[in-house]
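Data file: coords.csv. Format and content: CSV, C-alpha atoms and all ligand atoms.
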chain,number,residue,atom,x,y,z
I,7,MET,CA,22.8,7.1,14.5
I,8,ARG,CA,22.0,8.9,11.2
I,9,GLN,CA,21.0,12.6,10.9
I,10,VAL,CA,18.3,11.8,8.4
I,11,ILE,CA,16.6,8.7,6.8
I,12,ILE,CA,14.6,9.2,3.6
I,13,ILE,CA,11.9,6.7,3.0
I,14,GLY,CA,11.1,6.5,-0.7
I,15,SER,CA,13.1,6.7,-3.9
I,16,GLY,CA,10.9,8.6,-6.4
I,17,PRO,CA,11.6,12.1,-7.5
I,18,ALA,CA,10.8,13.5,-4.0
I,19,GLY,CA,13.0,11.0,-2.1
I,20,TYR,CA,16.0,11.3,-4.4
I,21,THR,CA,15.8,15.1,-4.7
I,22,ALA,CA,15.7,15.2,-0.9
I,23,ALA,CA,18.7,12.9,-0.9
I,24,ILE,CA,20.7,15.1,-3.3
I,25,TYR,CA,20.1,18.2,-1.2
I,26,ALA,CA,20.7,16.4,2.2
I,27,ALA,CA,23.9,14.7,0.8
I,28,ARG,CA,25.2,18.0,-0.5
I,29,ALA,CA,24.5,19.5,3.0
I,30,ASN,CA,26.8,16.7,4.4
I,31,LEU,CA,23.9,15.0,6.2
I,32,ASN,CA,24.9,11.6,5.0
I,33,PRO,CA,21.3,10.5,4.2
I,34,LEU,CA,20.2,6.9,4.1
I,35,VAL,CA,17.6,6.3,1.4
I,36,VAL,CA,15.3,3.3,2.0
I,37,ALA,CA,14.4,2.7,-1.7
I,38,SER,CA,12.0,-0.3,-1.4
I,39,SER,CA,12.9,-3.9,-2.5
I,40,VAL,CA,10.6,-4.1,-5.5
I,41,GLU,CA,9.4,-0.6,-6.2
I,42,ALA,CA,12.6,1.4,-6.1
I,43,GLY,CA,12.4,4.5,-8.3
I,44,GLY,CA,8.7,4.9,-7.7
I,45,GLU,CA,6.0,5.5,-10.3
I,46,LEU,CA,8.3,6.8,-13.0
I,47,MET,CA,9.7,3.3,-13.3
I,48,ASN,CA,6.4,2.3,-14.8
I,49,THR,CA,6.4,5.2,-17.3
I,50,THR,CA,7.7,5.4,-20.8
I,51,GLU,CA,8.8,8.8,-22.2
I,52,VAL,CA,8.8,11.7,-19.8
I,53,GLU,CA,8.4,14.8,-22.0
I,54,ASN,CA,7.8,17.4,-19.3
I,55,PHE,CA,10.7,17.2,-17.0
I,56,PRO,CA,12.7,20.4,-17.6
I,57,GLY,CA,16.2,19.8,-19.0
I,58,PHE,CA,15.3,16.9,-21.3
I,59,PRO,CA,13.9,18.5,-24.5
I,60,GLU,CA,14.1,15.2,-26.4
I,61,ALA,CA,12.2,13.4,-23.5
I,62,ILE,CA,13.8,10.8,-21.3
I,63,MET,CA,12.5,7.4,-20.3
I,64,GLY,CA,11.1,7.2,-16.8
I,65,PRO,CA,13.6,4.6,-15.5
I,66,ASP,CA,16.5,6.5,-17.0
I,67,LEU,CA,15.5,9.6,-15.2
I,68,MET,CA,15.3,7.8,-11.9
I,69,ALA,CA,18.7,6.1,-12.5
I,70,LYS,CA,20.2,9.6,-13.1
I,71,MET,CA,18.6,11.0,-9.9
I,72,GLN,CA,19.9,8.0,-7.9
I,73,GLU,CA,23.4,8.4,-9.4
I,74,GLN,CA,23.3,12.1,-8.5
I,75,ALA,CA,22.3,11.4,-4.9
I,76,GLU,CA,25.0,8.7,-4.5
I,77,ARG,CA,27.6,11.0,-6.0
I,78,PHE,CA,27.2,13.3,-3.1
I,79,GLY,CA,27.3,10.5,-0.5
I,80,ALA,CA,23.7,9.3,-0.1
I,81,GLU,CA,23.5,5.6,0.8
I,82,VAL,CA,20.7,3.6,-0.9
I,83,LEU,CA,19.2,0.5,0.7
I,84,TYR,CA,16.9,-1.8,-1.3
I,85,ASP,CA,14.6,-2.8,1.5
I,86,ASP,CA,11.1,-2.1,2.7
I,87,VAL,CA,10.1,-0.3,5.9
I,88,VAL,CA,7.9,-2.5,7.9
I,89,SER,CA,7.4,-0.3,10.9
I,90,LEU,CA,8.2,3.1,12.3
I,91,ASP,CA,8.6,4.5,15.8
I,92,ILE,CA,8.6,8.3,15.4
I,93,ASP,CA,7.1,9.7,18.6
I,94,GLY,CA,10.4,10.4,20.5
I,95,PRO,CA,13.4,12.5,19.4
I,96,VAL,CA,15.0,9.4,18.0
I,97,LYS,CA,13.2,8.0,14.9
I,98,LYS,CA,13.4,4.3,14.5
I,99,VAL,CA,12.9,2.6,11.2
I,100,THR,CA,12.6,-1.2,11.0
I,101,LEU,CA,13.2,-2.9,7.7
I,102,GLY,CA,12.0,-6.2,6.1
I,103,SER,CA,15.4,-7.6,6.7
I,104,GLY,CA,14.9,-7.1,10.4
I,105,ALA,CA,17.5,-4.4,10.6
I,106,THR,CA,16.7,-1.2,12.6
I,107,HIS,CA,18.1,2.2,11.7
I,108,GLU,CA,17.8,5.3,13.8
I,109,ALA,CA,18.0,9.0,12.9
I,110,ASP,CA,17.3,12.5,14.3
I,111,SER,CA,14.9,13.1,11.4
I,112,LEU,CA,12.9,11.4,8.7
I,113,VAL,CA,11.7,12.3,5.3
I,114,PHE,CA,8.6,10.4,4.4
I,115,ALA,CA,8.3,10.3,0.6
I,116,THR,CA,6.5,7.0,-0.1
I,117,GLY,CA,4.5,8.4,-3.1
I,118,SER,CA,1.3,6.8,-4.2
I,119,ALA,CA,0.0,3.4,-5.4
I,120,PRO,CA,-2.3,2.6,-8.4
I,121,ARG,CA,-5.9,2.8,-7.4
I,122,LYS,CA,-8.1,-0.3,-7.9
I,123,ILE,CA,-11.6,-0.4,-9.4
I,124,GLY,CA,-12.6,-2.6,-6.5
I,125,ILE,CA,-14.5,-5.3,-8.2
I,126,GLU,CA,-14.3,-9.0,-7.7
I,127,GLY,CA,-12.7,-10.1,-11.0
I,128,GLU,CA,-10.0,-7.5,-10.6
I,129,SER,CA,-8.0,-9.0,-7.8
I,130,ARG,CA,-8.8,-12.6,-8.9
I,131,LEU,CA,-7.4,-12.0,-12.4
I,132,SER,CA,-4.6,-9.6,-11.4
I,133,GLY,CA,-1.5,-10.8,-13.2
I,134,ARG,CA,-3.7,-12.9,-15.5
I,135,GLY,CA,-4.8,-10.2,-17.8
I,136,VAL,CA,-5.5,-7.4,-15.3
I,137,SER,CA,-2.5,-5.0,-15.0
I,138,TYR,CA,-1.7,-1.6,-13.5
I,139,CYS,CA,1.5,-1.1,-15.6
I,140,ALA,CA,1.6,-0.9,-19.4
I,141,THR,CA,5.3,-0.7,-19.5
I,142,CYS,CA,5.7,-3.8,-17.4
I,143,ASP,CA,3.1,-6.0,-19.1
I,144,GLY,CA,2.3,-4.5,-22.5
I,145,PHE,CA,4.7,-6.9,-24.2
I,146,PHE,CA,2.4,-9.9,-23.3
I,147,PHE,CA,-0.4,-8.5,-25.3
I,148,ARG,CA,1.0,-8.6,-28.8
I,149,GLU,CA,-1.8,-8.6,-31.4
I,150,ARG,CA,-4.4,-8.9,-28.6
I,151,VAL,CA,-7.5,-6.8,-27.9
I,152,ILE,CA,-7.2,-4.9,-24.7
I,153,ALA,CA,-8.8,-2.1,-22.8
I,154,VAL,CA,-7.5,0.7,-20.6
I,155,VAL,CA,-9.8,2.0,-17.9
I,156,GLY,CA,-9.7,5.7,-17.1
I,157,GLY,CA,-9.8,9.2,-18.6
I,158,GLY,CA,-6.8,10.9,-17.3
I,159,ASP,CA,-3.2,11.4,-18.5
I,160,SER,CA,-2.2,8.0,-17.3
I,161,ALA,CA,-4.9,6.2,-19.3
I,162,MET,CA,-4.0,8.2,-22.5
I,163,GLU,CA,-0.3,7.5,-22.0
I,164,GLU,CA,-0.8,3.8,-21.3
I,165,ALA,CA,-3.3,3.3,-24.2
I,166,THR,CA,-1.0,5.1,-26.7
I,167,PHE,CA,2.0,3.0,-25.5
I,168,LEU,CA,0.0,-0.2,-25.7
I,169,THR,CA,-0.9,0.3,-29.4
I,170,LYS,CA,2.7,-0.7,-30.0
I,171,PHE,CA,1.8,-4.2,-29.1
I,172,ALA,CA,-2.0,-4.7,-29.2
I,173,SER,CA,-4.1,-5.0,-32.3
I,174,LYS,CA,-6.8,-2.8,-30.7
I,175,VAL,CA,-7.0,-0.7,-27.5
I,176,TYR,CA,-10.4,0.4,-26.0
I,177,ILE,CA,-10.3,3.3,-23.6
I,178,ILE,CA,-13.2,2.8,-21.2
I,179,HIS,CA,-14.2,6.0,-19.4
I,180,ARG,CA,-17.1,6.6,-17.0
I,181,ARG,CA,-18.0,10.0,-18.5
I,182,ASP,CA,-18.1,11.5,-22.0
I,183,GLU,CA,-15.3,13.9,-21.4
I,184,LEU,CA,-11.7,13.2,-20.6
I,185,ARG,CA,-9.7,14.6,-17.7
I,186,ALA,CA,-6.4,14.2,-19.6
I,187,SER,CA,-4.4,17.2,-20.9
I,188,LYS,CA,-5.2,18.3,-24.4
I,189,ILE,CA,-1.9,17.1,-25.9
I,190,MET,CA,-2.4,13.6,-24.5
I,191,GLN,CA,-6.1,13.5,-25.6
I,192,GLU,CA,-5.2,14.5,-29.1
I,193,ARG,CA,-2.5,11.9,-29.4
I,194,ALA,CA,-5.0,9.2,-28.4
I,195,PHE,CA,-7.8,10.5,-30.6
I,196,LYS,CA,-5.4,10.4,-33.6
I,197,ASN,CA,-4.3,6.8,-33.0
I,198,GLU,CA,-6.3,4.5,-35.3
I,199,LYS,CA,-5.9,1.5,-33.0
I,200,ILE,CA,-7.7,3.3,-30.1
I,201,GLU,CA,-11.5,3.3,-29.8
I,202,PHE,CA,-13.2,5.2,-27.0
I,203,VAL,CA,-16.0,3.6,-25.0
I,204,TRP,CA,-17.8,6.5,-23.3
I,205,ASN,CA,-20.1,6.7,-20.3
I,206,SER,CA,-19.2,3.2,-19.2
I,207,ALA,CA,-18.2,1.7,-15.9
I,208,VAL,CA,-16.5,-1.7,-15.6
I,209,VAL,CA,-18.6,-3.6,-13.2
I,210,ASP,CA,-17.1,-7.1,-13.7
I,211,ILE,CA,-14.0,-8.6,-15.2
I,212,LEU,CA,-14.7,-12.0,-16.8
I,213,GLY,CA,-12.5,-15.1,-17.2
I,214,ASP,CA,-11.4,-18.2,-15.2
I,215,GLU,CA,-7.7,-18.6,-15.9
I,216,ALA,CA,-7.3,-15.4,-17.8
I,217,VAL,CA,-9.3,-12.3,-18.8
I,218,THR,CA,-11.9,-13.0,-21.5
I,219,GLY,CA,-13.9,-9.7,-21.2
I,220,VAL,CA,-15.6,-7.2,-19.1
I,221,VAL,CA,-19.1,-6.3,-18.1
I,222,LEU,CA,-19.8,-2.6,-18.8
I,223,GLU,CA,-22.6,-0.6,-17.3
I,224,ASP,CA,-23.8,2.5,-19.1
I,225,THR,CA,-23.5,5.3,-16.6
I,226,VAL,CA,-26.4,7.2,-18.3
I,227,ASP,CA,-29.1,4.6,-18.7
I,228,GLY,CA,-27.8,1.8,-16.5
I,229,SER,CA,-27.9,-0.8,-19.3
I,230,ARG,CA,-25.3,-3.6,-19.3
I,231,ARG,CA,-23.3,-5.3,-22.0
I,232,GLU,CA,-20.2,-7.5,-22.4
I,233,LEU,CA,-17.1,-6.6,-24.2
I,234,ALA,CA,-14.6,-9.4,-25.2
I,235,LEU,CA,-11.0,-8.6,-24.3
I,236,ASP,CA,-7.7,-10.3,-23.7
I,237,GLY,CA,-6.5,-7.8,-21.1
I,238,VAL,CA,-7.5,-4.9,-18.9
I,239,PHE,CA,-5.1,-2.1,-17.9
I,240,VAL,CA,-6.4,-0.1,-14.9
I,241,ALA,CA,-5.2,3.6,-15.0
I,242,ILE,CA,-7.7,5.4,-12.8
I,243,GLY,CA,-5.3,7.4,-10.6
I,244,ASN,CA,-3.3,6.8,-7.5
I,245,ASP,CA,-3.8,6.8,-3.8
I,246,PRO,CA,-1.1,8.1,-1.3
I,247,ARG,CA,0.9,5.4,0.4
I,248,THR,CA,0.2,6.2,4.0
I,249,HIS,CA,-0.2,2.7,5.5
I,250,LEU,CA,3.0,3.1,7.6
I,251,VAL,CA,1.8,6.3,9.2
I,252,HIS,CA,-2.0,6.4,9.1
I,253,ASP,CA,-2.1,6.2,12.9
I,254,LYS,CA,1.1,8.2,13.5
I,255,LEU,CA,0.8,11.3,11.4
I,256,ARG,CA,-2.1,13.6,10.8
I,257,LEU,CA,-3.7,13.1,7.4
I,258,THR,CA,-5.8,15.4,5.3
I,259,PRO,CA,-9.4,14.7,4.4
I,260,GLU,CA,-8.1,13.6,0.9
I,261,GLY,CA,-5.9,11.0,2.7
I,262,THR,CA,-2.6,12.6,2.1
I,263,VAL,CA,-0.1,13.3,4.9
I,264,TRP,CA,-0.8,16.7,6.3
I,265,VAL,CA,2.0,19.2,6.2
I,266,ASP,CA,2.1,22.7,7.6
I,267,GLY,CA,1.5,25.3,4.9
I,268,ARG,CA,4.1,25.2,2.1
I,269,SER,CA,6.6,23.5,4.4
I,270,SER,CA,7.2,19.7,4.7
I,271,HIS,CA,6.7,19.7,8.5
I,272,THR,CA,4.2,17.0,9.5
I,273,SER,CA,2.3,16.8,12.7
I,274,VAL,CA,5.3,15.1,14.4
I,275,PRO,CA,8.5,17.1,15.1
I,276,GLY,CA,11.4,15.8,13.2
I,277,VAL,CA,9.3,14.0,10.6
I,278,PHE,CA,9.0,15.7,7.2
I,279,ALA,CA,7.0,14.6,4.2
I,280,ALA,CA,7.3,15.3,0.4
I,281,GLY,CA,6.0,14.3,-3.0
I,282,ASP,CA,2.8,12.5,-4.0
I,283,VAL,CA,2.2,11.4,-0.4
I,284,ILE,CA,1.4,15.0,0.5
I,285,ASP,CA,-0.1,16.1,-2.8
I,286,PRO,CA,-3.7,15.5,-3.7
I,287,THR,CA,-3.6,17.9,-6.7
I,288,TYR,CA,-0.5,18.3,-8.9
I,289,ARG,CA,1.4,15.0,-8.6
I,290,GLN,CA,4.0,15.6,-11.2
I,291,ALA,CA,7.6,14.4,-11.2
I,292,VAL,CA,8.8,18.0,-11.2
I,293,THR,CA,6.5,19.1,-8.3
I,294,ALA,CA,7.6,16.0,-6.3
I,295,ALA,CA,11.2,16.9,-6.9
I,296,GLY,CA,10.6,20.5,-5.7
I,297,SER,CA,8.8,19.1,-2.7
I,298,GLY,CA,11.8,16.9,-1.9
I,299,THR,CA,14.0,20.0,-2.0
I,300,VAL,CA,11.7,21.7,0.6
I,301,ALA,CA,11.9,18.6,2.9
I,302,ALA,CA,15.7,18.5,2.8
I,303,LEU,CA,16.0,22.3,3.5
I,304,ASP,CA,13.5,21.8,6.4
I,305,VAL,CA,15.5,18.9,7.7
I,306,GLU,CA,18.7,21.0,7.6
I,307,HIS,CA,17.0,23.8,9.5
I,308,TYR,CA,15.5,21.3,12.1
I,309,LEU,CA,18.9,19.6,12.7
I,310,ALA,CA,20.6,23.0,13.0
I,311,GLY,CA,18.1,23.9,15.7
I,312,LEU,CA,18.7,20.6,17.6
I,313,GLY,CA,22.5,21.2,17.4
I,314,GLU,CA,22.2,24.7,18.8
I,315,ALA,CA,20.3,24.1,22.0
I,316,GLY,CA,18.4,20.8,21.7
I,317,ALA,CA,15.7,23.2,21.0
I,318,PRO,CA,12.2,21.9,20.2
I,319,ASP,CA,11.1,22.1,16.6
I,320,PRO,CA,9.3,25.5,16.3
I,321,ALA,CA,6.9,24.3,13.6
I,322,GLY,CA,6.1,21.3,15.7
I,323,ALA,CA,5.2,23.5,18.6
I,324,GLU,CA,3.0,25.6,16.3
I,325,ILE,CA,1.3,22.5,15.0
I,326,ASP,CA,0.3,21.4,18.5
I,327,GLY,CA,-1.6,24.6,18.9
I,328,LEU,CA,-3.7,24.2,15.8
I,329,ALA,CA,-7.4,23.4,16.4
I,330,ASP,CA,-8.0,21.9,13.0
I,331,ALA,CA,-4.8,22.0,11.1
I,332,ALA,CA,-6.2,19.9,8.2
I,333,THR,CA,-8.4,22.7,7.1
I,334,LEU,CA,-5.4,25.0,6.6
I,335,GLY,CA,-4.3,23.0,3.5
I,336,ARG,CA,-0.7,22.7,2.4
I,401,LIG,P1,-6.3,11.3,-12.7
I,401,LIG,O1,-5.9,12.5,-13.4
I,401,LIG,O2,-6.8,11.4,-11.3
I,401,LIG,O3,-7.4,10.6,-13.6
I,401,LIG,C1,-8.0,9.4,-13.2
I,401,LIG,C2,-9.1,9.0,-14.2
I,401,LIG,O4,-9.7,7.8,-13.8
I,401,LIG,C3,-10.2,10.1,-14.3
I,401,LIG,O5,-10.6,10.2,-15.7
I,401,LIG,C4,-11.3,9.4,-13.5
I,401,LIG,O6,-12.6,9.7,-14.0
I,401,LIG,C5,-11.0,8.0,-13.6
I,401,LIG,N1,-11.5,7.2,-12.4
I,401,LIG,C6,-11.1,7.5,-11.1
I,401,LIG,N2,-11.7,6.6,-10.3
I,401,LIG,C7,-12.4,5.7,-11.1
I,401,LIG,C8,-13.1,4.6,-10.9
I,401,LIG,N3,-13.3,4.1,-9.6
I,401,LIG,N4,-13.7,3.9,-11.9
I,401,LIG,C9,-13.5,4.4,-13.2
I,401,LIG,N5,-12.8,5.5,-13.5
I,401,LIG,C10,-12.2,6.1,-12.5
I,401,LIG,O7,-5.1,10.2,-12.6
I,401,LIG,P2,-3.9,9.9,-13.6
I,401,LIG,O8,-4.4,9.9,-15.0
I,401,LIG,O9,-3.2,8.8,-13.0
I,401,LIG,O10,-3.0,11.2,-13.4
I,401,LIG,C11,-2.5,11.6,-12.2
I,401,LIG,C12,-1.6,12.8,-12.3
I,401,LIG,O11,-0.4,12.4,-13.0
I,401,LIG,C13,-2.3,13.9,-13.0
I,401,LIG,O12,-1.9,15.1,-12.5
I,401,LIG,C14,-1.6,13.8,-14.4
I,401,LIG,O13,-1.6,15.0,-15.1
I,401,LIG,C15,-0.3,13.2,-14.1
I,401,LIG,N6,0.3,12.5,-15.2
I,401,LIG,C16,1.0,13.2,-16.1
I,401,LIG,C17,1.5,12.5,-17.2
I,401,LIG,C18,2.2,13.3,-18.3
I,401,LIG,O14,2.2,14.5,-18.2
I,401,LIG,N7,2.9,12.6,-19.2
I,401,LIG,C19,1.3,11.1,-17.4
I,401,LIG,C20,0.5,10.5,-16.4
I,401,LIG,C21,0.0,11.1,-15.3
I,401,LIG,P3,-13.2,11.2,-13.9
I,401,LIG,O15,-12.5,12.0,-14.9
I,401,LIG,O16,-14.7,11.0,-14.2
I,401,LIG,O17,-12.9,11.7,-12.5
Structure translated into structure tokens:
Amino acid sequence: MRQVIIIGSGPAGYTAAIYAARANLNPLVVASSVEAGGELMNTTEVENFPGFPEAIMGPDLMAKMQEQAERFGAEVLYDDVVSLDIDGPVKKVTLGSGATHEADSLVFATGSAPRKIGIEGESRLSGRGVSYCATCDGFFFRERVIAVVGGGDSAMEEATFLTKFASKVYIIHRRDELRASKIMQERAFKNEKIEFVWNSAVVDILGDEAVTGVVLEDTVDGSRRELALDGVFVAIGNDPRTHLVHDKLRLTPEGTVWVDGRSSHTSVPGVFAAGDVIDPTYRQAVTAAGSGTVAALDVEHYLAGLGEAGAPDPAGAEIDGLADAATLGR
């Protein structure tokens, strides 16, 4: 039996692994079979992670984090968790391979998944011109006309990146003001291949075998029009990945895993959570990494408590007494 299993291999999971490994807790990291490395694997240049003044590519940063965790003894498994049994003192993790692993504690750091618009053509044409990852699929749109949906940093970043391939990139946003940071906005405004389509919602994606266009609805006057396109990149934010625990751990009204104050203690003793899965607000690589640190330190403390007297988790006991813990925030 392990002392700790970490589920997730983004900045939160790997930072928790680095700290846990350096504390001689011999962590097992379940890194996922296809999404190992998390959201930064779909990112190009990361310019705001301290220590990399010249920027670093997202996948390179994740490779370095993994290398650092393994250097101190973390074991990384490329498999997916299919079910969790976390009620008792022994936490059981069942993987897609059928293997079961047990531990005294768990760090849940599953991050978030790209949000979908939720219209019919979107799922039908996914992989046939509809994409959620510019770095993965941009190459297929050389000299094509495409659109990015969204007004946040992701949409600006993806659109700017896609101008390397596409002949034209529309940014379709439902308001007339962007949510993105000023530096990302300015970069997109300056790019001659980018044209903004304001106050517009994508209500249908057209095409039989592949995307041929979208139907836009004006969010001010409700009028509709078609826009011819070869591809649509959806970049409208992310939702926390909680499907493994939605009936096991307390969630917040925003849908993230609830944790006690600034700690990583969830509503179940011995289960800790970190990164985007607990964060409805900041969701940065560096805040996720900090959150992974908190989780590893909380695990260390929890295991030390178990070692001393088989004592119950003090935060867990506290949580049981809360009338409405979700309202306390993080
Ligand atoms: P976000 O900041 O939540 O922005 C989502 C955008 O999509 C918003 O403009 C939103 O419109 C729009 N949107 C949401 N739901 C929609 C829907 N159903 N239909 C149409 N549009 C919809 O998400 P994000 O851009 O993925 O960024 C997430 C976090 O990661 C942010 O904290 C961001 O700063 C960070 N990030 C940072 C970088 C970087 O620093 N290099 C790069 C990428 C992401 P409204 O504005 O109208 O709400």
query = So which residues are near ligand LIG 401 (chain I), meaning at most 10 Å away with only C-alpha atoms and all ligand atoms counted, given back as a ChimeraX atom specification?
reply = /I:45-46,49-55,119-125,155-164,178-187,189-190,205-209,240-245,282,285-291
inquiry  = I'd like the interatomic distance between CA of Arg256 (chain I) and CA of Asn30 (chain I), to a tenth of an Å.
reply    =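 CA of Arg256 (chain I) sits 29.8 Å away from CA of Asn30 (chain I).
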ask   = What is the CA of Leu101 (chain I) to CA of Ile12 (chain I) distance in Å?
value =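 Taking CA of Leu101 (chain I) and CA of Ile12 (chain I), their separation equals 12.9 Å.
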message = I need the residue nearest Leu112 (chain I) from this list: I:Arg230, I:Arg8, I:Arg268, I:Lys170. Use all atoms listed in the file for the distance.
response = I:Arg8
request  = Kindly indicate which residue among I:Ser38, I:Thr116, I:Ser229, I:Thr106 lies nearest to Ala18 (chain I), using all atoms listed in the file for the distances.
outcome  =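 That would be I:Thr116, the residue with the smallest distance to Ala18 (chain I).
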request  = Identify which of the residues I:Met7, I:Ser89, I:Asp224, I:Leu31 lies closest to His307 (chain I), counting only C-alpha atoms when measuring atom-to-atom distances.
outcome  =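 Of I:Met7, I:Ser89, I:Asp224, I:Leu31, the one nearest His307 (chain I) is I:Leu31, counting only C-alpha atoms.
When CA of Ala26 (chain I) is paired with CA of Ala75 (chain I), their separation reads 8.8 Å.
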